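All remarks here apply to the structure that follows.
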Amino acid sequence: MTIDISPPVPLSEESRPITTETCVLNNGMHIPIAGHGSMEKGWGVDPTETARVVTGLSQAIRQGLRLIDTAKVYANEELVGRAVRESDVPREEITIVTKLWNADHHRVQEAFEESLGRLMLDCNSTREKLSLTLSFGDTDVDIYIMHWPCALAESEDGLNGIPIPIDAQPTFLETYSAMEKLIGPRCRAIGVSNFTQSTLTTLLAQCNVIPVINEIEIHPLFPQTNLVPWCQEQGISILAWGPLAGGPASNYGQTFREIYTNPTLRSLGKKYFPNYDPNQAVGAVLLSWLYTRGIVAIPHSTSIERILENLRCLTRLTAEDVLVLNGIHGELGGYKMLIEGSEEVLWYEDGPGGRGRTLFGWTTSEIGWVDEKGEVVV
Ligand SMILES: NC(=O)c1ccc[n+]([C@@H]2O[C@H](COP(=O)([O-])OP(=O)(O)OC[C@H]3O[C@@H](n4cnc5c(N)ncnc54)[C@H](OP(=O)(O)O)[C@@H]3O)[C@@H](O)[C@H]2O)c1
């Protein structure tokens with residue numbers, strides 16, 4: 001993750017204040033309606049860039065960023081923890097979301113402790129220096145999320161184990177049950193990610209604690225117009241990943257980049273954000289569409305100014321314009337980044353039990369991404 005720490009340049013004459021609106025979760029917690037996704041393209045952070053990342057993120061926090069999404073697999077929890085502390089903004093004002101990786105489903109408690117260790121690294125040294133019982137705040141992690149329902153077997157690197165089929169242990173029900181035991185002073189809430197109506201239906205029939213959040217891919221090519229209202233009816237709030245479809249230079253593929261040159265989206269950009277440059281205007285429309293639908297977005301940016309502008313731009317779209325965005329996949333095509341995109345690293349050609357090509361050992365129908373006819377459920 002590289003963060004551009006050049007002095008902020010005002011992008012628009014109509015600059016609004018950073019939103020302080022919140023989304024209320026099913027356990028009563030309030031979280032910001034928008035934040036920052038910290039995953040760098042290709043995962044991991046180049047060691048030469050860590051200082052810039054921490055400085056950039058802590059500056060963004062000082063200027064109003066209050067929600068950060070991280071994960072073990074992004075290899076940046078330690079940097080996020082440092083940025084939070086260096087910002088000097090009270091910990092309780094910031095919402096930190098981190099995630100249980102697939103290769104840790106059989107060791108939930110240990111993986112959670114390891115995440116705490118990475119988030120708290122500097123805090124421990126501060127503790128020693130001051131001989132005080134400091135903590136990362138009232139709690140260590142605000143929301144701990146199961147990154148995928150799919151598990152991988154234990155592996156040496158803790159990241160790339162052999163895929164475990166949907167019906168083998170640990171099942172996602174067993175993993176979630178272990179996560180329920182984490183809720184307490186060190187973990188305010190638990191959630192899931194990349195769950196579909198099919199996997200959530202199974203989970204809701206068995207769990208004791210309804211997940212506060214389902215973190216899912218949403219953008220105009222994959223609007224999730226079925227899953228979002230369904231989750232909201234169950235009391236599960238939605239956090240959108242990939243909300244900008246990877247941006248105008250998306251590495252998810254050409255189809256995603258075409259969102260930024262689509263005439264309908266360009267004209268909506270001009271209508272709502274006449275003073276933005278065309279790409280930025282389309283991005284702001286995409287984020288405002290999610291905001292209008294009550295979805296919490298976590299766009300990524302390497303620029304402090306864009307991180308902040310993405311929190312300032314949020315505007316309610318008209319009901320007609322929401323419908324236009326909901327339906328534009330009919331013109332551009334319905335695509336999931338992880339089906340059509342470039343994340344080949346997640347796919348296994350020889351899935352368990354003769355399943356063929358699978359994502360972490362599950363077929364797209366086992367995950368719930370395609371219906372019985374094999375059509376992608378958008
Ligand atoms: N749970 C999961 O399985 C999962 C999977 C993937 C991602 N995520 C989370 O979701 C976050 C966001 O997803 P993502 O990083 O894949 O993609 P994204 O947020 O859709 O796109 C990020 C790209 O958009 C550009 N951008 C930022 N602001 C813009 C604006 N206002 N207008 C136009 N372009 C803009 C950025 O470029 P610049 O850097 O140049 O600004 C960046 O390259 C991740 O960081 C991660 O936290 C979760």
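Scheme for the structure tokens: letters A, B, ... for chains in order shown; per-chain residue numbers from 1; ligand numbers from 1 in order shown.
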
For this session: Give the residues close to ligand 1, within 6 Å, counting only C-alpha atoms and all ligand atoms; write them as JSON, numbers by chain.
Result: {"A": [37, 38, 39, 69, 70, 147, 193, 215, 241, 242, 243, 244, 245, 246, 247, 248, 279, 280, 283, 284, 298, 299, 300, 301, 302, 303, 306, 310]}

Could you make a table, as a tab-separated table, of the residues of region 185-233 of chain A that have an atom within 12 Å of an atom of region 95-109 of chain A, each with its nearest atom pair and distance in Å to one decimal, counting only C-alpha atoms, in chain and number order?
residue	atom	partner	partner_atom	distance
A:Arg186	CA	A:Gln109	CA	11.7
A:Cys187	CA	A:Val97	CA	10.0
A:Arg188	CA	A:Thr95	CA	10.2
A:Ala189	CA	A:Val97	CA	9.5
A:Ile190	CA	A:Val97	CA	9.3
A:Gly191	CA	A:Lys99	CA	9.0
A:Val192	CA	A:Lys99	CA	8.7
A:Ser193	CA	A:Lys99	CA	8.7
A:Asn194	CA	A:Lys99	CA	11.8
A:Val212	CA	A:Val97	CA	11.6
A:Ile213	CA	A:Val97	CA	10.4
A:Asn214	CA	A:Lys99	CA	11.9
A:Glu215	CA	A:Val97	CA	10.4

For this session: Pick out each residue of region 53-106 of chain A that DSSP on the backbone tags as alpha helix (DSSP H); I need them as an NGL selection string.
Result: :A and (53-62 or 77-87)

For this session: Find the residues near Gly294 (chain A): any atom within 12 Å, counting only C-alpha atoms, skip ones fewer than 2 places away on the same chain, and give them as JSON, numbers by chain.
Result: {"A": [21, 22, 23, 24, 25, 32, 33, 34, 228, 229, 231, 232, 236, 237, 238, 239, 240, 287, 288, 289, 290, 291, 292, 296, 297, 314, 315, 316, 317, 322]}

For C-alpha atoms, I'd like the residues from the last selection saved as a PDB file, in the first residue's frame.
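In the end it all went to part-v7.pdb:
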ATOM      1  CA  GLU A  21     -23.025   9.629   9.481  1.00  0.00           C
ATOM      2  CA  THR A  22     -23.111   6.172  10.961  1.00  0.00           C
ATOM      3  CA  CYS A  23     -24.634   2.802  10.253  1.00  0.00           C
ATOM      4  CA  VAL A  24     -26.214   1.092  13.267  1.00  0.00           C
ATOM      5  CA  LEU A  25     -25.391  -2.597  13.553  1.00  0.00           C
ATOM      6  CA  PRO A  32     -19.034   5.153  10.018  1.00  0.00           C
ATOM      7  CA  ILE A  33     -21.057   4.971   6.808  1.00  0.00           C
ATOM      8  CA  ALA A  34     -17.807   4.932   4.796  1.00  0.00           C
ATOM      9  CA  VAL A 228     -28.258  -6.630  -0.046  1.00  0.00           C
ATOM     10  CA  PRO A 229     -31.957  -6.173   0.853  1.00  0.00           C
ATOM     11  CA  CYS A 231     -29.269  -9.321   4.413  1.00  0.00           C
ATOM     12  CA  GLN A 232     -30.697  -6.012   5.610  1.00  0.00           C
ATOM     13  CA  ILE A 236     -27.086  -7.902   8.721  1.00  0.00           C
ATOM     14  CA  SER A 237     -25.449  -4.665   7.537  1.00  0.00           C
ATOM     15  CA  ILE A 238     -23.511  -4.607   4.295  1.00  0.00           C
ATOM     16  CA  LEU A 239     -19.937  -3.515   3.805  1.00  0.00           C
ATOM     17  CA  ALA A 240     -19.015  -3.185   0.125  1.00  0.00           C
ATOM     18  CA  LEU A 287     -19.861   5.596  -3.804  1.00  0.00           C
ATOM     19  CA  SER A 288     -22.978   7.794  -3.558  1.00  0.00           C
ATOM     20  CA  TRP A 289     -25.077   4.967  -5.045  1.00  0.00           C
ATOM     21  CA  LEU A 290     -23.912   2.648  -2.231  1.00  0.00           C
ATOM     22  CA  TYR A 291     -24.458   5.368   0.367  1.00  0.00           C
ATOM     23  CA  THR A 292     -28.022   5.925  -0.890  1.00  0.00           C
ATOM     24  CA  VAL A 296     -20.974   1.012   4.028  1.00  0.00           C
ATOM     25  CA  ALA A 297     -18.217   1.356   1.404  1.00  0.00           C
ATOM     26  CA  LEU A 314     -21.271  11.111  -0.503  1.00  0.00           C
ATOM     27  CA  THR A 315     -24.524  12.458  -1.885  1.00  0.00           C
ATOM     28  CA  ARG A 316     -28.011  10.967  -2.030  1.00  0.00           C
ATOM     29  CA  LEU A 317     -28.934   9.980  -5.575  1.00  0.00           C
ATOM     30  CA  VAL A 322     -30.332   4.392  -8.193  1.00  0.00           C
TER      31      VAL A 322
END

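One finds CA of Gln59 (chain A) at 7.6 Å from CA of Ile304 (chain A).
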
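Nearest residue to Ile164 (chain A) among A:Pro90, A:Pro352, A:Gly327, A:Gly184 is A:Pro352, counting only C-alpha atoms.
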
For this session: Report the residues of region 39-274 of chain A whose backbone DSSP state falls under strand (DSSP E), written as a VMD selection string.
Result: chain A and resid 67 to 69 95 to 100 141 to 146 187 to 193 213 to 217 237 to 241

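The protein and nucleic acid residues lying at most 6 Å from region 75-84 of chain A are Gly44, Val54, Leu57, Ser58, Arg118 and Leu119 of chain A, with only C-alpha atoms considered and sequence neighbours fewer than 5 positions away removed.
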
How would the residues just chosen look if you wrote them out with C-alpha atoms as a short mmCIF file (atom, residue, chain, number, x, y, z; two decimals), in the first residue's frame?
data_model
loop_
_atom_site.label_atom_id
_atom_site.label_comp_id
_atom_site.auth_asym_id
_atom_site.auth_seq_id
_atom_site.Cartn_x
_atom_site.Cartn_y
_atom_site.Cartn_z
CA GLY A 44 1.28 -7.16 1.09
CA VAL A 54 1.72 4.70 8.30
CA LEU A 57 -3.01 6.70 7.07
CA SER A 58 -2.42 8.55 10.33
CA ARG A 118 0.13 -7.26 15.10
CA LEU A 119 -2.34 -4.44 15.71
#
